[in-house]
Every structure is written in C-alpha cells, then in structure tokens.
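Below you'll find the structure, written out as structure tokens, and then a few comments.
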Amino acid sequence: MKLLLLSRNPRLYSTRRLVEASEARGHSVRVINPLRCYMNIATSNPEIHYRGERLEDFDAVIPRIGASVTFYGTAVLRQFEMLGTYPLNESQAISRSRDKLRALQLLSREGVGMPATGFAHSPDDTDDLLRLVGGAPVVIKLLEGTQGVGVVLAETRKAAASVIQALRGLKAHFLVQEFVEEAGGADIRCLVIGNKVVAAMRRQGPEGEFRSNLHRGGSAELVRITPRERATAVKAAKVLGLNVSGVDILRANSGPVVMEVNSSPGLQGIERATGRDVAGMIIEFIERNCQPGRTRTRGRRG
Ligand code: ADP
Ligand code: MG
C-alpha cells in the first residue's frame with residue numbers, strides 16, 4: 001500500500017512507530033504536515049497540493065491531527081476523503097470527538113455511562129447547574145482542552161462559582177461534571193482498534209493530583225479490564241465512529257464511566273506500559289479495511 005501520514009512532526013514517537021510499522025509490513029509511507037497542504041475545492045475534481053506537488057494515488061491516510069490544528073487538519077483530511085482515499089479515522093468522527101460536549105451528547109444518546117455532566121450559557125443558572133450534577137466538588141472543563149490543561153477541580157460551591165464566572169468572562173465554553181472521587185486520581189486508557197480493545201493501561205496521577213494525564217506527570221501500568229469496561233470502550237468508539245481511538249474510563253462506584261474518546265491516541269505510553277505493538281496492529285487494520293471510497297461521510301454535511 002501507499003500510505004500517507006498527516007503529522008506535523010515526523011520525530012514524535014507515535015509518528016515514528018507508525019512509519020516503522022508500515023515499512024516493516026512492506027508499505028511505502030510519507031509523512032506530511034497537514035498545515036502545508038493546500039487545496040483546490042472550486043472544481044468538481046478536488047486536488048491537494050503540497051510544496052508545489054500534487055498529492056494523489058494514496059491508498060490510505062493516517063491522520064495524526066493535534067488538537068490545536070483540528071479545524072485545518074480535518075479540512076485537509078476531508079479533501080482526501082473526497083478523493084476517495086481511505087481514512088483511518090474519518091474527519092467527521094475526529095471533529096465529533098474533539099468537542100467534549102458533542103461527544104458526550106452522542107454517547108449519552110446511546111446509553112454509554114458517563115459522569116453526570118452539565119452545560120449552561122447563562123450566568124444566572126450557575127447554582128442550579130451545580131445542583132444538576134450533584135453539587136460540589138465538581139470538575140470544570142474547557143470544551144476543547146487536552147492533556148489535562150483546562151480541567152479544574154472545584155472543591156466547594158464557592159470555588160466552582162468563581163471558576164465559572166472567570167470562564168464566562170473569557171467567553172470560554174466549558175462543562176461541569178460530577179467529580180468521581182472514588183477513581184482516586186486514576187483512569188483507564190483503552191486503546192480500541194475496530195471493535196477490539198487491543199491494549200489497556202491504568203494511569204495514576206502523582207500524589208495530590210486528580211488528573212491522571214501522563215503529560216501532567218502521571219505514571220502508567222498494564223491493567224486487566226473487566227468485560228463491562230471492555231464493552232463500554234468498544235461501544236464509545238463505535239458511537240463516535242472512530243476506527244482507532246483511546247477511550248478514557250473512570251472506575252466509578254456505579255461502574256465504568258467514559259470521560260473522553262481521543263482520536264489520535266499517543267502510542268508511547270500504551271506501548272511501553274503494555275509491551276504491545278499497537279502501531280503494527282493499526283497498520284494491519286488498514287490492510288484489512290482499506291478500500292478506495294470507503295468513507296461513510298463522503299459528501300455529507302458534517
Ligand atoms: P483532557 O482532554 O485534558 O485529558 P479529561 O476530561 O480527560 O481532559 O480530564 C483529564 C483528567 O482529569 C482525566 O484523565 C482524569 O484523571 C481527571 N478527571 C477528569 N474528569 C474527571 C471526573 N469527572 N472525575 C474525576 N476525575 C476526572
Ligand atoms: Mg484525557
């Protein structure tokens with residue numbers, strides 16, 4: 001196969017591993033910065049150009065689109081979809097998962113467990129919003145944050161009200177969520193490929209930190225997940241329409257609850273913690289599923 005990897009940095013662990021795995025399995029692969037792609041969308045014959053060259057004839061495209069470039073990155077990916085190139089994850093599924101509120105709405109519609117979550121625009125309803133999610137302590141999150149930045153634990157009603165007031169002042173969109181204290185600063189990252197959890201790790205935040213993100217100094221270890229956790233992770237990935245994803249689950253008293261679904265999950269933490277060749281399994285998935293024009297969202301409004 002002729003593969004294209006959309007990534008801004010060829011030196012990143014995940015990018016390097018995907019290149020390695022592609023080549024090891026006999027495929028050619030090019031890494032291209034999506035921000036350097038430009039497009040002709042005015043004709044019936046869509047084109048994508050990169051540094052003066054026309055990009056065409058790729059069998060599949062692997063998007064590794066960072067949260068800060070979601071808008072342009074998904075536009076480039078959509079253009080490849082219009083050419084009929086098979087996307088490992090579709091542009092529309094990536095957009096869905098990047099907006100935490102939209103993702104949670106979709107998951108709740110399909111009955112996937114999640115922490116009680118509220119969202120409001122008007123400053124007049126803060127007290128009632130806090131009551132809706134069970135009162136303080138609550139977790140307040142920016143809708144498009146990542147790596148734990150923009151996630152705040154407000155331990156009292158007063159603290160929550162002032163954080164909310166500050167965010168409103170900045171005109172930021174956020175959600176308010178029940179704090180799952182019993183998770184003890186840990187979460188479970190399930191790496192889902194197709195309809196299987198191929199690797200899972202337990203991440204634990206450092207002492208005194210409720211966020212378990214590895215970028216916030218958390219540590220990771222191999223974990224055995226329960227059949228219910230497995231089913232929850234697979235269902236969450238399926239609801240969002242992601243072929244490859246990192247589903248983050250908290251172990252709540254009521255059972256597994258999904259916090260978020262990542263469409264470009266990092267491979268370093270999970271490969272190190274589990275010893276599994278996740279990159280190889282991703283390329284194998286493409287081998288099995290890649291067919292020209294196999295994009296569900298082709299031409300549809302997203
Ligand atoms: P990000 O996209 O920034 O990673 P998350 O929603 O995944 O945002 O939150 C970051 C971390 O904060 C999670 O990995 C988890 O450890 C902790 N966390 C988030 N929401 C809750 C919650 N409702 N209850 C308990 N811990 C939470
Ligand atoms: Mg997270």
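Please note that chains go A, B, ... in the order of the structure tokens, that every chain numbers its residues from 1, and that ligands are numbered from 1 in the order shown.
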
Would you write out, as CSV, a table of all residues in chain A that have an atom no more than 7 Å from an atom of ligand 1, listing for each the closest atom pair and the distance in Å to one decimal, considering only C-alpha atoms and all ligand atoms and ordering rows by chain and rising residue number?
```
residue,atom,partner,partner_atom_place_in_ligand_line,distance
A:Pro115,CA,ligand 1,23 (N),5.7
A:Val139,CA,ligand 1,23 (N),5.5
A:Lys141,CA,ligand 1,6 (O),6.9
A:Gly145,CA,ligand 1,3 (O),5.0
A:Thr146,CA,ligand 1,3 (O),3.4
A:Gln147,CA,ligand 1,3 (O),4.0
A:Gly148,CA,ligand 1,3 (O),3.1
A:Val149,CA,ligand 1,3 (O),5.1
A:Gly150,CA,ligand 1,3 (O),6.2
A:Val151,CA,ligand 1,9 (O),5.9
A:Gln177,CA,ligand 1,23 (N),5.2
A:Glu178,CA,ligand 1,23 (N),5.1
A:Phe179,CA,ligand 1,24 (N),3.8
A:Val180,CA,ligand 1,24 (N),3.7
A:Glu181,CA,ligand 1,25 (C),5.7
A:Ala183,CA,ligand 1,25 (C),6.4
A:Gly185,CA,ligand 1,16 (O),5.4
A:Ala186,CA,ligand 1,16 (O),5.4
A:Asp187,CA,ligand 1,16 (O),5.4
A:Gly205,CA,ligand 1,16 (O),6.9
A:Phe210,CA,ligand 1,17 (C),5.6
A:Arg211,CA,ligand 1,12 (O),3.6
A:Ser212,CA,ligand 1,16 (O),3.9
A:Asn213,CA,ligand 1,14 (O),5.1
A:Asp248,CA,ligand 1,7 (O),6.7
A:Met259,CA,ligand 1,6 (O),5.4
A:Glu260,CA,ligand 1,7 (O),5.7
```

>> With only C-alpha atoms as the counted atoms, please give the residues lying no more than 10 Å from region 71-85 of chain A, apart from itself and same-chain residues fewer than 4 positions off, as a PyMOL selection string.
In response: chain A and resi 3-4+6-8+33-41+45-48+55-67+89-95+290-299

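You will find CA of Glu287 (chain A) at 27.6 Å from CA of Glu229 (chain A).
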
> What are the DSSP alpha helix (DSSP H) residues of region 24-271 of chain A, as a PyMOL selection string?
Replying inline: chain A and resi 24+70-83+91-98+100-109+126-132+157-169+227-240+268-271

>> Residues near Arg25 (chain A), anyone? I mean within 12 Å using only C-alpha atoms, not counting same-chain ones fewer than 3 positions away, as a list in words.
In response: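 Neighbouring residues, sequence-local ones excluded: Met1, Lys2, Leu3, Leu18, Val19, Glu20, Ala21, Ser22, Ser28, Val29, Ala279, Gly280, Met281, Ile282, Ile283, Glu284, Phe285, Ile286 and Glu287 of chain A.
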
Keeping only C-alpha atoms, write the selected residues as a CSV table (one decimal), in the first residue's frame.
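File selection.csv, as written:
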```
chain,number,residue,atom,x,y,z
A,1,MET,CA,0.0,0.0,0.0
A,2,LYS,CA,0.9,3.6,-0.4
A,3,LEU,CA,0.2,5.4,2.9
A,18,LEU,CA,3.7,4.2,12.5
A,19,VAL,CA,6.3,4.7,9.8
A,20,GLU,CA,8.4,1.9,11.2
A,21,ALA,CA,5.4,-0.5,11.3
A,22,SER,CA,4.3,0.5,7.8
A,28,SER,CA,5.5,2.9,1.4
A,29,VAL,CA,4.7,5.8,3.7
A,279,ALA,CA,1.4,0.6,15.7
A,280,GLY,CA,1.7,-2.7,13.9
A,281,MET,CA,-1.9,-3.6,14.8
A,282,ILE,CA,-3.1,-0.2,13.4
A,283,ILE,CA,-1.3,-0.8,10.0
A,284,GLU,CA,-2.8,-4.4,10.0
A,285,PHE,CA,-6.2,-2.9,10.5
A,286,ILE,CA,-5.7,-0.6,7.4
A,287,GLU,CA,-4.6,-3.6,5.4
```

> Of the candidates A:Ser97, A:Phe174, A:Thr232, A:His121, which shows the shortest atom-to-atom distance to ligand 2, using only C-alpha atoms and all ligand atoms?
Replying inline: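 Closest to ligand 2 of all the choices is A:Ser97.
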